[in-house]
Amino acid sequence: MTRLGKLWTDAVAYVALMTGAGLSIAGNVANVVRTRGDAVDTLDIVLAVAFPGLVVLMVEVFVSSRWQGLAWPMQVLRWLGTLSIGAVAMRVSWVHLHELMASRGQSPDVATLGPLAIDALAIMATALILAGRGKVA
């Protein structure tokens, strides 16, 4: 792959990750405002933003070159930590987006699958970032 091609692919991966996180944040915030109404406060917004933000940080921690050459117990910790953070963040985001889409009259299948597409975009972007890093520790 040419240097320009690698730069383009890296850029696409990070744009896809930010797009997934951005859509997740927007949906989480919109659902919190919808459900809390006039009672919405700063903490509600912080928590709505926090979980997609955790995913972005988790990706950067996971793909760090510092993991290379570490013993298997550290690799197990790396994978378990990543899966735990990802599972919790995905569940929180899915609930917010599912409820929001259902409240906007989307059919049950769209309200169920739409949030999964957003999370799958973030997962695929993560895989592309990993592929671009060469070796996985």
# chains A, B, ... in the order shown; residues from 1 in each chain; ligands from 1

call {"tool": "residues_around", "arguments": {"residues": "A:Ala102", "least_positions_apart": "5", "cutoff": "9 Å", "atoms": "only C-alpha atoms", "output": "list in words"}}
result
Leu97, Ser107, Pro108, Val110, Ala111 and Thr112 of chain A

call {"tool": "residues_around", "arguments": {"residues": "A:Gly53", "least_positions_apart": "6", "cutoff": "10 Å", "atoms": "only C-alpha atoms", "output": "list in words"}}
result
Met18, Ala21, Gly22, Ser24, Ile25, Leu47 and Ala89 of chain A

call {"tool": "residues_around", "arguments": {"residues": "stretch 71-79 of chain A", "least_positions_apart": "2", "cutoff": "12 Å", "atoms": "only C-alpha atoms", "output": "list of chain:residue names"}}
result
A:Met58, A:Val59, A:Glu60, A:Val61, A:Phe62, A:Val63, A:Ser64, A:Arg66, A:Trp67, A:Gln68, A:Gly69, A:Gly81, A:Thr82, A:Leu83, A:Ser84, A:Ile85, A:Gly86, A:Ala87, A:Val136, A:Ala137

call {"tool": "residues_around", "arguments": {"residues": "A:Val88", "least_positions_apart": "6", "cutoff": "10 Å", "atoms": "only C-alpha atoms", "output": "ChimeraX atom specification"}}
result
/A:51,54-55,94

call {"tool": "atom_distance", "arguments": {"atom1": "atom CA of A:Asp119", "atom2": "atom CA of A:Gly27"}}
result
12.1 Å

call {"tool": "select_by_dssp", "arguments": {"residues": "chain A", "states": "alpha helix (DSSP H)", "output": "VMD selection string"}}
result
chain A and resid 3 to 36 42 to 62 72 to 103 108 to 132

call {"tool": "closest_residue", "arguments": {"among": "A:Met90, A:Ile118, A:Ala48, A:Ala131", "to": "A:Leu23", "atoms": "only C-alpha atoms"}}
result
A:Ile118

call {"tool": "residues_around", "arguments": {"residues": "A:Lys6", "least_positions_apart": "2", "cutoff": "12 Å", "atoms": "only C-alpha atoms", "output": "list in words"}}
result
Met1, Thr2, Arg3, Leu4, Trp8, Thr9, Asp10, Ala11, Val12, Ala13, Leu128, Ile129, Ala131, Gly132, Arg133 and Gly134 of chain A

call {"tool": "decode", "arguments": {"residues": "stretch 24-132 of chain A", "atoms": "C-alpha atoms", "output": "PDB file, in the first residue's frame"}}
result
ATOM      1  CA  SER A  24     -24.084   7.493  19.767  1.00  0.00           C
ATOM      2  CA  ILE A  25     -23.518  10.701  21.742  1.00  0.00           C
ATOM      3  CA  ALA A  26     -26.226  12.544  19.810  1.00  0.00           C
ATOM      4  CA  GLY A  27     -28.715   9.725  20.339  1.00  0.00           C
ATOM      5  CA  ASN A  28     -27.871   9.372  24.022  1.00  0.00           C
ATOM      6  CA  VAL A  29     -28.245  13.111  24.649  1.00  0.00           C
ATOM      7  CA  ALA A  30     -31.469  13.320  22.628  1.00  0.00           C
ATOM      8  CA  ASN A  31     -32.983  10.422  24.558  1.00  0.00           C
ATOM      9  CA  VAL A  32     -31.978  11.885  27.923  1.00  0.00           C
ATOM     10  CA  VAL A  33     -33.524  15.243  26.997  1.00  0.00           C
ATOM     11  CA  ARG A  34     -36.633  13.433  25.709  1.00  0.00           C
ATOM     12  CA  THR A  35     -37.093  11.365  28.861  1.00  0.00           C
ATOM     13  CA  ARG A  36     -36.000  13.921  31.483  1.00  0.00           C
ATOM     14  CA  GLY A  37     -37.543  16.995  29.866  1.00  0.00           C
ATOM     15  CA  ASP A  38     -37.207  20.103  32.023  1.00  0.00           C
ATOM     16  CA  ALA A  39     -35.506  18.040  34.734  1.00  0.00           C
ATOM     17  CA  VAL A  40     -32.435  17.369  32.548  1.00  0.00           C
ATOM     18  CA  ASP A  41     -29.248  18.567  34.206  1.00  0.00           C
ATOM     19  CA  THR A  42     -25.517  18.635  33.592  1.00  0.00           C
ATOM     20  CA  LEU A  43     -24.972  15.175  35.079  1.00  0.00           C
ATOM     21  CA  ASP A  44     -27.517  13.688  32.669  1.00  0.00           C
ATOM     22  CA  ILE A  45     -25.621  15.153  29.715  1.00  0.00           C
ATOM     23  CA  VAL A  46     -22.211  14.126  31.092  1.00  0.00           C
ATOM     24  CA  LEU A  47     -23.376  10.530  31.512  1.00  0.00           C
ATOM     25  CA  ALA A  48     -24.955  10.493  28.035  1.00  0.00           C
ATOM     26  CA  VAL A  49     -21.618  11.577  26.544  1.00  0.00           C
ATOM     27  CA  ALA A  50     -19.417   9.476  28.835  1.00  0.00           C
ATOM     28  CA  PHE A  51     -20.133   5.993  27.497  1.00  0.00           C
ATOM     29  CA  PRO A  52     -19.376   6.696  23.815  1.00  0.00           C
ATOM     30  CA  GLY A  53     -16.348   8.650  25.014  1.00  0.00           C
ATOM     31  CA  LEU A  54     -15.178   5.590  26.924  1.00  0.00           C
ATOM     32  CA  VAL A  55     -15.292   3.571  23.713  1.00  0.00           C
ATOM     33  CA  VAL A  56     -13.038   6.029  21.886  1.00  0.00           C
ATOM     34  CA  LEU A  57     -10.543   6.006  24.764  1.00  0.00           C
ATOM     35  CA  MET A  58     -10.776   2.220  25.049  1.00  0.00           C
ATOM     36  CA  VAL A  59      -9.865   1.823  21.376  1.00  0.00           C
ATOM     37  CA  GLU A  60      -6.751   3.927  21.782  1.00  0.00           C
ATOM     38  CA  VAL A  61      -5.716   2.015  24.909  1.00  0.00           C
ATOM     39  CA  PHE A  62      -6.371  -1.332  23.221  1.00  0.00           C
ATOM     40  CA  VAL A  63      -4.332  -0.602  20.077  1.00  0.00           C
ATOM     41  CA  SER A  64      -1.389   0.923  21.940  1.00  0.00           C
ATOM     42  CA  SER A  65       1.994  -0.511  21.020  1.00  0.00           C
ATOM     43  CA  ARG A  66       2.824  -0.719  24.736  1.00  0.00           C
ATOM     44  CA  TRP A  67       1.009  -4.066  24.866  1.00  0.00           C
ATOM     45  CA  GLN A  68       3.511  -5.668  22.481  1.00  0.00           C
ATOM     46  CA  GLY A  69       5.749  -8.212  24.132  1.00  0.00           C
ATOM     47  CA  LEU A  70       3.878  -8.291  27.441  1.00  0.00           C
ATOM     48  CA  ALA A  71       3.139 -11.656  29.055  1.00  0.00           C
ATOM     49  CA  TRP A  72      -0.166 -13.447  28.570  1.00  0.00           C
ATOM     50  CA  PRO A  73      -1.688 -12.321  31.918  1.00  0.00           C
ATOM     51  CA  MET A  74      -1.435  -8.724  30.716  1.00  0.00           C
ATOM     52  CA  GLN A  75      -2.927  -9.701  27.360  1.00  0.00           C
ATOM     53  CA  VAL A  76      -5.840 -11.377  29.154  1.00  0.00           C
ATOM     54  CA  LEU A  77      -6.351  -8.206  31.212  1.00  0.00           C
ATOM     55  CA  ARG A  78      -6.212  -6.133  28.026  1.00  0.00           C
ATOM     56  CA  TRP A  79      -8.856  -8.230  26.281  1.00  0.00           C
ATOM     57  CA  LEU A  80     -11.150  -8.641  29.297  1.00  0.00           C
ATOM     58  CA  GLY A  81     -10.977  -4.944  30.077  1.00  0.00           C
ATOM     59  CA  THR A  82     -11.727  -4.026  26.485  1.00  0.00           C
ATOM     60  CA  LEU A  83     -14.635  -6.457  26.220  1.00  0.00           C
ATOM     61  CA  SER A  84     -16.080  -5.305  29.561  1.00  0.00           C
ATOM     62  CA  ILE A  85     -15.919  -1.624  28.713  1.00  0.00           C
ATOM     63  CA  GLY A  86     -17.242  -2.267  25.224  1.00  0.00           C
ATOM     64  CA  ALA A  87     -20.137  -4.428  26.405  1.00  0.00           C
ATOM     65  CA  VAL A  88     -21.302  -1.938  29.040  1.00  0.00           C
ATOM     66  CA  ALA A  89     -20.934   1.062  26.745  1.00  0.00           C
ATOM     67  CA  MET A  90     -22.717  -0.749  23.915  1.00  0.00           C
ATOM     68  CA  ARG A  91     -25.613  -1.735  26.190  1.00  0.00           C
ATOM     69  CA  VAL A  92     -26.058   1.807  27.539  1.00  0.00           C
ATOM     70  CA  SER A  93     -25.888   3.284  24.048  1.00  0.00           C
ATOM     71  CA  TRP A  94     -28.223   0.660  22.595  1.00  0.00           C
ATOM     72  CA  VAL A  95     -30.878   1.328  25.244  1.00  0.00           C
ATOM     73  CA  HIS A  96     -30.761   5.089  24.646  1.00  0.00           C
ATOM     74  CA  LEU A  97     -30.876   4.789  20.858  1.00  0.00           C
ATOM     75  CA  HIS A  98     -33.484   2.024  20.866  1.00  0.00           C
ATOM     76  CA  GLU A  99     -35.812   4.014  23.113  1.00  0.00           C
ATOM     77  CA  LEU A 100     -35.273   7.170  21.067  1.00  0.00           C
ATOM     78  CA  MET A 101     -35.950   5.456  17.745  1.00  0.00           C
ATOM     79  CA  ALA A 102     -39.005   3.635  19.121  1.00  0.00           C
ATOM     80  CA  SER A 103     -40.376   6.910  20.518  1.00  0.00           C
ATOM     81  CA  ARG A 104     -39.977   8.483  17.048  1.00  0.00           C
ATOM     82  CA  GLY A 105     -42.233   5.845  15.481  1.00  0.00           C
ATOM     83  CA  GLN A 106     -39.582   3.577  13.982  1.00  0.00           C
ATOM     84  CA  SER A 107     -40.643  -0.018  13.470  1.00  0.00           C
ATOM     85  CA  PRO A 108     -39.455  -2.484  16.126  1.00  0.00           C
ATOM     86  CA  ASP A 109     -36.877  -4.068  13.818  1.00  0.00           C
ATOM     87  CA  VAL A 110     -35.373  -0.691  12.873  1.00  0.00           C
ATOM     88  CA  ALA A 111     -35.356   0.456  16.504  1.00  0.00           C
ATOM     89  CA  THR A 112     -33.523  -2.766  17.393  1.00  0.00           C
ATOM     90  CA  LEU A 113     -31.072  -2.964  14.491  1.00  0.00           C
ATOM     91  CA  GLY A 114     -30.313   0.736  13.971  1.00  0.00           C
ATOM     92  CA  PRO A 115     -28.328   1.109  17.212  1.00  0.00           C
ATOM     93  CA  LEU A 116     -26.442  -2.087  16.379  1.00  0.00           C
ATOM     94  CA  ALA A 117     -25.342  -0.589  13.043  1.00  0.00           C
ATOM     95  CA  ILE A 118     -23.877   2.400  14.857  1.00  0.00           C
ATOM     96  CA  ASP A 119     -21.989   0.170  17.280  1.00  0.00           C
ATOM     97  CA  ALA A 120     -20.899  -2.145  14.454  1.00  0.00           C
ATOM     98  CA  LEU A 121     -19.421   0.872  12.649  1.00  0.00           C
ATOM     99  CA  ALA A 122     -17.310   1.606  15.726  1.00  0.00           C
ATOM    100  CA  ILE A 123     -16.259  -2.062  15.956  1.00  0.00           C
ATOM    101  CA  MET A 124     -15.261  -2.214  12.280  1.00  0.00           C
ATOM    102  CA  ALA A 125     -13.371   1.078  12.584  1.00  0.00           C
ATOM    103  CA  THR A 126     -11.509  -0.384  15.546  1.00  0.00           C
ATOM    104  CA  ALA A 127     -10.601  -3.455  13.495  1.00  0.00           C
ATOM    105  CA  LEU A 128      -9.307  -1.236  10.691  1.00  0.00           C
ATOM    106  CA  ILE A 129      -7.222   0.778  13.149  1.00  0.00           C
ATOM    107  CA  LEU A 130      -5.801  -2.476  14.510  1.00  0.00           C
ATOM    108  CA  ALA A 131      -5.014  -3.720  11.021  1.00  0.00           C
ATOM    109  CA  GLY A 132      -3.161  -0.490  10.311  1.00  0.00           C
TER     110      GLY A 132
END
